[in-house]
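*Asks:* Structure file final.cif (mmCIF, C-alpha atoms) is given on the next line.
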data_coords
loop_
_atom_site.label_atom_id
_atom_site.label_comp_id
_atom_site.auth_asym_id
_atom_site.auth_seq_id
_atom_site.Cartn_x
_atom_site.Cartn_y
_atom_site.Cartn_z
CA MET B 1 -37.90 9.54 -8.96
CA VAL B 2 -34.67 7.83 -7.79
CA ARG B 3 -32.70 11.05 -8.28
CA ARG B 4 -35.29 12.98 -6.27
CA THR B 5 -35.03 10.42 -3.45
CA LYS B 6 -31.22 10.76 -3.39
CA GLU B 7 -31.49 14.53 -3.38
CA GLU B 8 -33.98 14.41 -0.53
CA ALA B 9 -31.69 12.09 1.42
CA GLN B 10 -28.77 14.49 0.94
CA GLU B 11 -30.91 17.41 2.04
CA THR B 12 -31.98 15.51 5.17
CA ARG B 13 -28.35 14.69 5.94
CA LYS B 14 -27.38 18.36 5.59
CA GLN B 15 -30.34 19.34 7.76
CA ILE B 16 -29.15 16.95 10.49
CA LEU B 17 -25.56 18.22 10.29
CA ASP B 18 -26.71 21.85 10.53
CA ALA B 19 -28.88 21.05 13.54
CA ALA B 20 -26.07 19.09 15.20
CA GLN B 21 -23.66 21.97 14.72
CA LYS B 22 -26.06 24.39 16.41
CA ALA B 23 -26.83 21.99 19.26
CA PHE B 24 -23.18 21.12 19.92
CA TYR B 25 -22.24 24.80 19.89
CA GLU B 26 -25.00 25.71 22.36
CA ARG B 27 -24.74 22.75 24.76
CA GLY B 28 -21.43 21.04 24.08
CA VAL B 29 -21.10 17.58 22.57
CA ALA B 30 -21.43 15.57 25.80
CA ARG B 31 -24.66 17.30 26.86
CA THR B 32 -26.31 16.98 23.45
CA THR B 33 -28.32 13.84 22.69
CA LEU B 34 -29.39 12.49 19.34
CA ALA B 35 -32.97 13.20 20.46
CA ASP B 36 -32.00 16.88 20.89
CA ILE B 37 -30.57 16.94 17.37
CA ALA B 38 -33.61 15.18 15.91
CA THR B 39 -35.92 17.74 17.51
CA GLN B 40 -33.85 20.67 16.27
CA ALA B 41 -33.63 19.19 12.76
CA GLY B 42 -37.31 18.30 12.64
CA VAL B 43 -36.62 14.63 11.88
CA THR B 44 -36.92 11.33 13.72
CA ARG B 45 -34.04 9.61 15.52
CA GLY B 46 -34.43 6.87 12.91
CA ALA B 47 -33.54 9.39 10.22
CA ILE B 48 -30.35 10.21 12.08
CA TYR B 49 -29.39 6.54 12.37
CA TRP B 50 -30.06 6.13 8.66
CA HIS B 51 -27.24 8.58 7.91
CA PHE B 52 -24.94 8.18 10.93
CA GLU B 53 -23.94 5.21 13.09
CA ASN B 54 -23.78 7.17 16.35
CA LYS B 55 -22.99 10.59 17.78
CA ALA B 56 -19.25 10.15 17.23
CA ASP B 57 -19.87 9.45 13.53
CA LEU B 58 -22.05 12.55 13.34
CA VAL B 59 -19.36 14.73 14.93
CA GLN B 60 -16.72 13.36 12.55
CA ALA B 61 -18.94 14.07 9.54
CA MET B 62 -19.30 17.64 10.76
CA LEU B 63 -15.52 17.97 11.10
CA ASP B 64 -14.94 16.49 7.64
CA THR B 65 -16.70 19.47 6.05
CA LEU B 66 -13.76 21.65 7.16
CA HIS B 67 -11.25 19.84 4.96
CA GLU B 68 -12.91 20.30 1.58
CA PRO B 69 -11.97 23.91 0.65
CA LEU B 70 -8.25 23.43 1.36
CA ASP B 71 -7.67 19.92 0.02
CA ALA B 72 -6.42 20.99 -3.41
CA LEU B 73 -3.80 23.29 -1.91
CA ALA B 74 -2.71 20.61 0.57
CA ARG B 75 -2.27 18.09 -2.25
CA ALA B 76 -0.19 20.59 -4.22
CA SER B 77 2.31 21.09 -1.41
CA GLU B 78 2.62 17.31 -1.02
CA SER B 79 3.49 16.82 -4.70
CA GLN B 80 7.15 16.32 -5.55
CA ASP B 81 6.48 18.18 -8.81
CA GLU B 82 5.40 21.36 -6.99
CA LEU B 83 8.04 24.06 -7.49
CA ASP B 84 7.01 26.06 -4.41
CA PRO B 85 5.90 23.57 -1.72
CA LEU B 86 6.69 25.94 1.16
CA GLY B 87 4.72 28.68 -0.55
CA CYS B 88 1.74 26.34 -0.91
CA LEU B 89 2.00 25.31 2.73
CA ARG B 90 2.20 28.96 3.79
CA GLN B 91 -0.86 29.84 1.71
CA LEU B 92 -2.75 26.89 3.19
CA MET B 93 -2.01 28.04 6.75
CA VAL B 94 -2.94 31.65 5.98
CA GLN B 95 -6.24 30.54 4.47
CA LEU B 96 -6.91 28.31 7.48
CA PHE B 97 -6.42 31.18 9.95
CA GLN B 98 -8.51 33.54 7.83
CA GLN B 99 -11.33 31.04 7.37
CA VAL B 100 -11.57 30.40 11.09
CA ALA B 101 -11.61 34.14 11.76
CA LEU B 102 -14.05 35.16 9.01
CA ASP B 103 -16.35 32.23 8.22
CA PRO B 104 -18.98 31.73 10.96
CA GLN B 105 -19.50 28.02 10.24
CA THR B 106 -15.79 27.23 10.20
CA ARG B 107 -15.35 29.14 13.45
CA ARG B 108 -18.24 27.36 15.17
CA ILE B 109 -17.04 23.90 14.16
CA ASN B 110 -13.50 24.64 15.31
CA GLU B 111 -14.79 26.04 18.59
CA ILE B 112 -16.77 22.84 19.11
CA LEU B 113 -13.68 20.74 18.40
CA PHE B 114 -11.31 22.75 20.58
CA HIS B 115 -13.52 23.74 23.51
CA LYS B 116 -16.85 21.90 23.48
CA CYS B 117 -15.97 18.31 22.63
CA GLU B 118 -15.31 15.97 25.57
CA PHE B 119 -13.95 12.49 24.93
CA THR B 120 -16.37 10.68 27.24
CA ASP B 121 -17.03 6.93 27.07
CA GLU B 122 -19.61 7.29 24.30
CA MET B 123 -17.12 9.34 22.30
CA CYS B 124 -14.31 6.75 22.27
CA ASP B 125 -14.91 6.20 18.56
CA LEU B 126 -14.43 9.91 17.91
CA ARG B 127 -11.21 9.92 19.92
CA ARG B 128 -9.86 7.10 17.74
CA GLN B 129 -10.98 8.96 14.62
CA ARG B 130 -9.23 12.12 15.82
CA GLN B 131 -6.06 10.12 16.48
CA VAL B 132 -6.14 8.73 12.94
CA ALA B 133 -6.86 12.17 11.48
CA THR B 134 -3.99 13.72 13.44
CA LEU B 135 -1.53 11.08 12.31
CA ASP B 136 -2.69 11.52 8.69
CA CYS B 137 -2.27 15.29 8.97
CA ASN B 138 1.27 14.82 10.31
CA VAL B 139 2.13 12.58 7.36
CA ARG B 140 0.90 15.24 4.93
CA ILE B 141 2.75 18.06 6.70
CA GLU B 142 6.00 16.08 6.70
CA LEU B 143 5.64 15.36 2.97
CA SER B 144 5.35 19.11 2.36
CA LEU B 145 8.35 19.86 4.55
CA ARG B 146 10.50 17.22 2.83
CA ASN B 147 9.57 18.68 -0.54
CA ALA B 148 10.52 22.14 0.74
CA VAL B 149 13.88 20.78 1.96
CA ASN B 150 14.50 19.16 -1.44
CA ARG B 151 13.72 22.48 -3.15
CA GLY B 152 16.17 24.32 -0.91
CA GLN B 153 13.40 26.29 0.82
CA LEU B 154 14.19 24.86 4.26
CA PRO B 155 17.55 23.82 5.82
CA HIS B 156 18.98 20.61 4.39
CA ASP B 157 19.46 19.18 7.89
CA LEU B 158 15.95 19.96 9.14
CA ASP B 159 14.53 17.19 11.34
CA THR B 160 11.24 16.98 9.42
CA ALA B 161 9.56 14.66 11.93
CA ARG B 162 10.22 17.05 14.84
CA ALA B 163 9.43 20.07 12.67
CA THR B 164 6.09 18.50 11.76
CA LEU B 165 5.06 18.12 15.39
CA THR B 166 6.26 21.65 16.15
CA LEU B 167 4.30 23.22 13.29
CA HIS B 168 1.14 21.21 14.01
CA ALA B 169 1.26 22.14 17.70
CA TYR B 170 1.85 25.80 16.80
CA VAL B 171 -1.22 25.92 14.54
CA ASP B 172 -3.40 24.11 17.09
CA GLY B 173 -2.18 26.43 19.83
CA MET B 174 -2.85 29.58 17.81
CA LEU B 175 -6.37 28.48 16.90
CA GLY B 176 -7.17 27.24 20.40
CA GLN B 177 -6.06 30.49 22.03
CA TRP B 178 -7.86 32.73 19.54
CA LEU B 179 -11.11 30.77 19.78
CA LEU B 180 -10.97 31.01 23.57
CA LEU B 181 -9.93 34.70 23.64
CA PRO B 182 -10.82 36.19 20.25
CA ASP B 183 -10.42 39.76 21.49
CA SER B 184 -6.89 39.17 22.77
CA PHE B 185 -5.23 39.38 19.36
CA GLU B 186 -6.03 39.87 15.68
CA LEU B 187 -6.06 36.67 13.64
CA HIS B 188 -7.44 37.65 10.24
CA GLU B 189 -5.51 40.81 9.35
CA THR B 190 -2.23 39.47 10.77
CA ALA B 191 -2.64 35.86 9.57
CA GLU B 192 0.40 36.09 7.29
CA ARG B 193 2.60 37.36 10.11
CA TRP B 194 1.47 34.57 12.46
CA VAL B 195 2.14 31.97 9.76
CA ASP B 196 5.58 33.40 9.03
CA THR B 197 6.36 33.23 12.74
CA GLY B 198 5.68 29.49 12.67
CA LEU B 199 7.71 28.94 9.51
CA ASP B 200 10.61 30.97 10.92
CA MET B 201 10.88 28.40 13.70
CA LEU B 202 11.55 25.76 11.05
CA ARG B 203 14.10 27.90 9.23
CA LEU B 204 16.02 29.24 12.23
CA SER B 205 15.71 26.97 15.26
CA PRO B 206 18.90 24.97 16.00
CA ALA B 207 16.77 22.56 18.04
CA LEU B 208 15.04 21.44 14.84
CA ARG B 209 18.25 20.31 13.15
CA LYS B 210 19.30 16.68 12.88
#
Written as structure tokens, that's how I'd like the structure from this file.
*Replies:*
Amino acid sequence: MVRRTKEEAQETRKQILDAAQKAFYERGVARTTLADIATQAGVTRGAIYWHFENKADLVQAMLDTLHEPLDALARASESQDELDPLGCLRQLMVQLFQQVALDPQTRRINEILFHKCEFTDEMCDLRRQRQVATLDCNVRIELSLRNAVNRGQLPHDLDTARATLTLHAYVDGMLGQWLLLPDSFELHETAERWVDTGLDMLRLSPALRK
């Protein structure tokens, strides 16, 4: 009976997240209330508060589902024992671009994050969470770049801190532009070429040297 209760709770949580994703995509985060989500999910507002502290917590939980498929690859490129850290990082970026282009759920969530999420007063918690997540992502990218430098895959005098910001901004910019204008360029079939463009900046730009 306890197991069934836990399973039912997990199913309700998934139901709420699915409803929130649809509501945020249709109306934007700021214009969507927890009452709207409860109605779409077929649950009470109390059920939402049982699983999530507030709307910001709900949005963050939705965003967290994006990280799961790529975590293993990200950890591999951060490991000092990995023989091909730059190759792992490249594969991670290619998979990210392809997932956004091909997987409807991943695309919707990213579109919400990039173009339908306003950091209004009630979303201050989410803004702080996004700041923490961004800083954590930068730490992980820089670990990968340092490993690539140590393996001789990137220039020995690469400014890894500046290169990290450059690469992160490049990926965000590519995704943001494609999600806004998906017909303006091909993302899926040319994902490897777009990724190599970003990595070439790290290999060749004099401005990224110490």
*Asks:* For each of B:Thr106, B:Thr164, B:Thr120, B:Ser205, take the minimum atom-to-atom distance to Lys55 in chain B, counting only C-alpha atoms, then give the residue where this is smallest.
*Replies:*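 The closest residue to Lys55 in chain B is B:Thr120.
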*Asks:* Applying 12 Å and all atoms listed in the file, which residues near Ala56 in chain B remain after dropping the ones on its own chain fewer than 6 positions away? List them as a list in words.
*Replies:*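 My list of contacting residues is Ala20, Phe24, Val29, Ala30, Thr32, Thr33, Leu34, Tyr49, Met62, Leu63, Cys117, Glu118, Phe119, Thr120, Asp121, Glu122, Met123, Cys124, Asp125, Leu126, Arg127, Arg128, Gln129 and Arg130 of chain B.
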*Asks:* Which distance in Å separates CA of Leu83 in chain B and CA of Ser144 in chain B, to one decimal?
*Replies:*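 That distance, rounded to one decimal, is 11.3 Å.
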*Asks:* Which residues come within 8 Å of Ile109 in chain B, counting all atoms listed in the file, excluding same-chain residues fewer than 2 positions away, as an MDAnalysis selection string?
*Replies:* chainID B and resid 21 25 62:63 105:107 111:113
*Asks:* If you count all atoms listed in the file, which residues fall within 12 Å of Thr44 in chain B, apart from same-chain ones fewer than 4 positions away, as a list in words?
*Replies:*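 These residues fall inside the cut-off: Thr12, Gln15, Ile16, Leu34, Ala35, Asp36, Ile37, Ala38, Thr39, Gln40, Ile48, Tyr49, Trp50 and His51 of chain B.
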*Asks:* Kindly export the residues of the current selection with C-alpha atoms, as a short mmCIF file (atom, residue, chain, number, x, y, z; two decimals), keeping the file's coordinate frame.
*Replies:*
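selection-v9.cif, written as the output of this step:
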data_model
loop_
_atom_site.label_atom_id
_atom_site.label_comp_id
_atom_site.auth_asym_id
_atom_site.auth_seq_id
_atom_site.Cartn_x
_atom_site.Cartn_y
_atom_site.Cartn_z
CA THR B 12 -31.98 15.51 5.17
CA GLN B 15 -30.34 19.34 7.76
CA ILE B 16 -29.15 16.95 10.49
CA LEU B 34 -29.39 12.49 19.34
CA ALA B 35 -32.97 13.20 20.46
CA ASP B 36 -32.00 16.88 20.89
CA ILE B 37 -30.57 16.94 17.37
CA ALA B 38 -33.61 15.18 15.91
CA THR B 39 -35.92 17.74 17.51
CA GLN B 40 -33.85 20.67 16.27
CA ILE B 48 -30.35 10.21 12.08
CA TYR B 49 -29.39 6.54 12.37
CA TRP B 50 -30.06 6.13 8.66
CA HIS B 51 -27.24 8.58 7.91
#
*Asks:* Find the spatial neighbours of Glu189 in chain B, counting all atoms listed in the file, within a cut-off of 12 Å - ignore same-chain residues fewer than 2 positions away - and output them as a PDB file with C-alpha atoms, in the coordinates of the input.
*Replies:*
ATOM      1  CA  VAL B  94      -2.940  31.650   5.980  1.00  0.00           C
ATOM      2  CA  GLN B  95      -6.240  30.540   4.470  1.00  0.00           C
ATOM      3  CA  PHE B  97      -6.420  31.180   9.950  1.00  0.00           C
ATOM      4  CA  GLN B  98      -8.510  33.540   7.830  1.00  0.00           C
ATOM      5  CA  GLN B  99     -11.330  31.040   7.370  1.00  0.00           C
ATOM      6  CA  ALA B 101     -11.610  34.140  11.760  1.00  0.00           C
ATOM      7  CA  LEU B 102     -14.050  35.160   9.010  1.00  0.00           C
ATOM      8  CA  PHE B 185      -5.230  39.380  19.360  1.00  0.00           C
ATOM      9  CA  GLU B 186      -6.030  39.870  15.680  1.00  0.00           C
ATOM     10  CA  LEU B 187      -6.060  36.670  13.640  1.00  0.00           C
ATOM     11  CA  ALA B 191      -2.640  35.860   9.570  1.00  0.00           C
ATOM     12  CA  GLU B 192       0.400  36.090   7.290  1.00  0.00           C
ATOM     13  CA  ARG B 193       2.600  37.360  10.110  1.00  0.00           C
ATOM     14  CA  TRP B 194       1.470  34.570  12.460  1.00  0.00           C
ATOM     15  CA  VAL B 195       2.140  31.970   9.760  1.00  0.00           C
TER      16      VAL B 195
END
*Asks:* Quick one: pull the distance between CA of Lys116 in chain B and CA of Gly46 in chain B, Å, one decimal.
*Replies:*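 Distance reported for this atom pair: 25.4 Å.
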*Asks:* Run through the PyMOL selection byres ((chain B and resi 142) around 12) on the given coordinates and return the selected residues as a short mmCIF file (atom, residue, chain, number, x, y, z; two decimals) with C-alpha atoms, keeping the file's coordinate frame.
*Replies:*
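What landed in selection.cif:
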data_model
loop_
_atom_site.label_atom_id
_atom_site.label_comp_id
_atom_site.auth_asym_id
_atom_site.auth_seq_id
_atom_site.Cartn_x
_atom_site.Cartn_y
_atom_site.Cartn_z
CA ALA B 74 -2.71 20.61 0.57
CA SER B 77 2.31 21.09 -1.41
CA GLU B 78 2.62 17.31 -1.02
CA SER B 79 3.49 16.82 -4.70
CA PRO B 85 5.90 23.57 -1.72
CA LEU B 86 6.69 25.94 1.16
CA LEU B 89 2.00 25.31 2.73
CA LEU B 135 -1.53 11.08 12.31
CA ASP B 136 -2.69 11.52 8.69
CA CYS B 137 -2.27 15.29 8.97
CA ASN B 138 1.27 14.82 10.31
CA VAL B 139 2.13 12.58 7.36
CA ARG B 140 0.90 15.24 4.93
CA ILE B 141 2.75 18.06 6.70
CA LEU B 143 5.64 15.36 2.97
CA SER B 144 5.35 19.11 2.36
CA LEU B 145 8.35 19.86 4.55
CA ARG B 146 10.50 17.22 2.83
CA ASN B 147 9.57 18.68 -0.54
CA ALA B 148 10.52 22.14 0.74
CA VAL B 149 13.88 20.78 1.96
CA LEU B 158 15.95 19.96 9.14
CA ASP B 159 14.53 17.19 11.34
CA THR B 160 11.24 16.98 9.42
CA ALA B 161 9.56 14.66 11.93
CA ARG B 162 10.22 17.05 14.84
CA ALA B 163 9.43 20.07 12.67
CA THR B 164 6.09 18.50 11.76
CA LEU B 165 5.06 18.12 15.39
CA THR B 166 6.26 21.65 16.15
CA LEU B 167 4.30 23.22 13.29
CA HIS B 168 1.14 21.21 14.01
CA LEU B 202 11.55 25.76 11.05
#
*Asks:* With distances taken over only C-alpha atoms, which residue among B:Leu92, B:Asn150, B:Asn110, B:Thr190 lies nearest Gln80 in chain B?
*Replies:*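 Closest to Gln80 in chain B, using only C-alpha atoms: B:Asn150.
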*Asks:* Which one is closest to Leu181 in chain B: B:Met93, B:Leu58, B:His115, B:Asp64? Count all atoms listed in the file.
*Replies:*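 Residue with the minimum atom-to-atom distance to Leu181 in chain B: B:His115.
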